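Heads up, protein35.pdb below (PDB, C-alpha atoms):
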```pdb
ATOM      1  CA  MET G   1     -64.802 149.584 -83.997  1.00  0.00           C
ATOM      2  CA  ASN G   2     -64.632 153.345 -84.449  1.00  0.00           C
ATOM      3  CA  LYS G   3     -66.405 155.711 -82.084  1.00  0.00           C
ATOM      4  CA  THR G   4     -66.918 159.454 -82.209  1.00  0.00           C
ATOM      5  CA  VAL G   5     -65.698 161.571 -79.305  1.00  0.00           C
ATOM      6  CA  LYS G   6     -66.451 165.265 -78.887  1.00  0.00           C
ATOM      7  CA  ILE G   7     -63.392 167.407 -78.191  1.00  0.00           C
ATOM      8  CA  SER G   8     -62.882 171.125 -77.815  1.00  0.00           C
ATOM      9  CA  ILE G   9     -61.886 173.205 -80.814  1.00  0.00           C
ATOM     10  CA  GLU G  10     -58.592 173.961 -79.053  1.00  0.00           C
ATOM     11  CA  THR G  11     -57.806 170.259 -78.739  1.00  0.00           C
ATOM     12  CA  TYR G  12     -58.797 169.663 -82.351  1.00  0.00           C
ATOM     13  CA  ASN G  13     -56.523 172.481 -83.512  1.00  0.00           C
ATOM     14  CA  GLN G  14     -53.636 171.052 -81.481  1.00  0.00           C
ATOM     15  CA  ILE G  15     -54.149 167.628 -83.063  1.00  0.00           C
ATOM     16  CA  LYS G  16     -54.293 169.245 -86.500  1.00  0.00           C
ATOM     17  CA  GLU G  17     -51.017 171.092 -85.847  1.00  0.00           C
ATOM     18  CA  ILE G  18     -49.309 167.906 -84.622  1.00  0.00           C
ATOM     19  CA  THR G  19     -50.554 166.169 -87.788  1.00  0.00           C
ATOM     20  CA  LYS G  20     -48.902 168.838 -89.932  1.00  0.00           C
ATOM     21  CA  ILE G  21     -45.619 168.539 -88.028  1.00  0.00           C
ATOM     22  CA  THR G  22     -45.428 164.754 -87.717  1.00  0.00           C
ATOM     23  CA  GLY G  23     -47.456 163.408 -90.597  1.00  0.00           C
ATOM     24  CA  LEU G  24     -49.296 161.142 -88.168  1.00  0.00           C
ATOM     25  CA  THR G  25     -53.043 160.684 -88.430  1.00  0.00           C
ATOM     26  CA  HIS G  26     -55.428 162.080 -85.843  1.00  0.00           C
ATOM     27  CA  LYS G  27     -56.066 158.521 -84.677  1.00  0.00           C
ATOM     28  CA  GLU G  28     -52.323 157.837 -84.240  1.00  0.00           C
ATOM     29  CA  ILE G  29     -51.793 161.069 -82.313  1.00  0.00           C
ATOM     30  CA  ILE G  30     -54.667 160.352 -79.944  1.00  0.00           C
ATOM     31  CA  LYS G  31     -53.452 156.766 -79.418  1.00  0.00           C
ATOM     32  CA  LYS G  32     -49.921 157.968 -78.620  1.00  0.00           C
ATOM     33  CA  ALA G  33     -51.262 160.584 -76.201  1.00  0.00           C
ATOM     34  CA  ILE G  34     -53.428 158.047 -74.388  1.00  0.00           C
ATOM     35  CA  ASP G  35     -50.577 155.524 -74.242  1.00  0.00           C
ATOM     36  CA  LYS G  36     -48.293 158.171 -72.738  1.00  0.00           C
ATOM     37  CA  TYR G  37     -50.961 159.191 -70.230  1.00  0.00           C
ATOM     38  CA  ASN G  38     -51.459 155.553 -69.210  1.00  0.00           C
ATOM     39  CA  ARG G  39     -47.701 155.188 -68.613  1.00  0.00           C
ATOM     40  CA  GLU G  40     -47.732 158.338 -66.477  1.00  0.00           C
ATOM     41  CA  LEU G  41     -50.666 156.994 -64.462  1.00  0.00           C
ATOM     42  CA  LEU G  42     -48.856 153.699 -63.934  1.00  0.00           C
ATOM     43  CA  LEU G  43     -45.757 155.516 -62.675  1.00  0.00           C
ATOM     44  CA  GLU G  44     -47.820 157.725 -60.361  1.00  0.00           C
ATOM     45  CA  ARG G  45     -49.696 154.732 -58.940  1.00  0.00           C
ATOM     46  CA  THR G  46     -46.455 152.792 -58.514  1.00  0.00           C
ATOM     47  CA  ASP G  47     -44.889 155.757 -56.721  1.00  0.00           C
ATOM     48  CA  GLN G  48     -47.904 156.024 -54.409  1.00  0.00           C
ATOM     49  CA  ALA G  49     -47.748 152.297 -53.664  1.00  0.00           C
ATOM     50  CA  PHE G  50     -44.039 152.508 -52.800  1.00  0.00           C
ATOM     51  CA  LYS G  51     -44.641 155.509 -50.539  1.00  0.00           C
ATOM     52  CA  LYS G  52     -47.379 153.585 -48.748  1.00  0.00           C
ATOM     53  CA  LEU G  53     -45.160 150.501 -48.478  1.00  0.00           C
ATOM     54  CA  LYS G  54     -42.296 152.571 -47.046  1.00  0.00           C
ATOM     55  CA  GLN G  55     -44.600 153.838 -44.301  1.00  0.00           C
ATOM     56  CA  ASN G  56     -44.864 150.260 -43.022  1.00  0.00           C
ATOM     57  CA  LYS G  57     -41.310 149.626 -41.825  1.00  0.00           C
ATOM     58  CA  LYS G  58     -41.768 145.867 -41.445  1.00  0.00           C
ATOM     59  CA  ALA G  59     -43.287 145.463 -44.907  1.00  0.00           C
ATOM     60  CA  TRP G  60     -40.583 147.690 -46.414  1.00  0.00           C
ATOM     61  CA  ARG G  61     -37.796 145.599 -44.869  1.00  0.00           C
ATOM     62  CA  GLU G  62     -39.456 142.424 -46.152  1.00  0.00           C
ATOM     63  CA  TYR G  63     -39.662 143.947 -49.623  1.00  0.00           C
ATOM     64  CA  LEU G  64     -35.994 144.921 -49.551  1.00  0.00           C
ATOM     65  CA  ASP G  65     -35.010 141.400 -48.473  1.00  0.00           C
ATOM     66  CA  LEU G  66     -36.503 139.865 -51.638  1.00  0.00           C
TER      67      LEU G  66
END
```
In structure tokens, what does this structure look like?
Amino acid sequence: MNKTVKISIETYNQIKEITKITGLTHKEIIKKAIDKYNRELLLERTDQAFKKLKQNKKAWREYLDL
């Protein structure tokens, strides 16, 4: 199912430029960008979870003993 999303002219122009360079469609470029952003979010959330885990010395030791 296709949906329409409003984007700024600057974003549209960037997508258009990437299309010229890569030959990818607008849809492919947006999908790749969202996939990359989701990976970054996952890494950030994982990092935050590890930092929180490390603050609990007992839990951290238990994790390391796995």
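Computed from the coordinates, the CA of Leu41 in chain G to CA of Lys20 in chain G distance equals 28.1 Å.
Between CA of Thr19 in chain G and CA of Glu44 in chain G lies a distance of 28.8 Å.
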(request) Calculate how many Å separate CA of Leu42 in chain G from CA of Lys27 in chain G, rounding to one decimal. (result) 22.5 Å
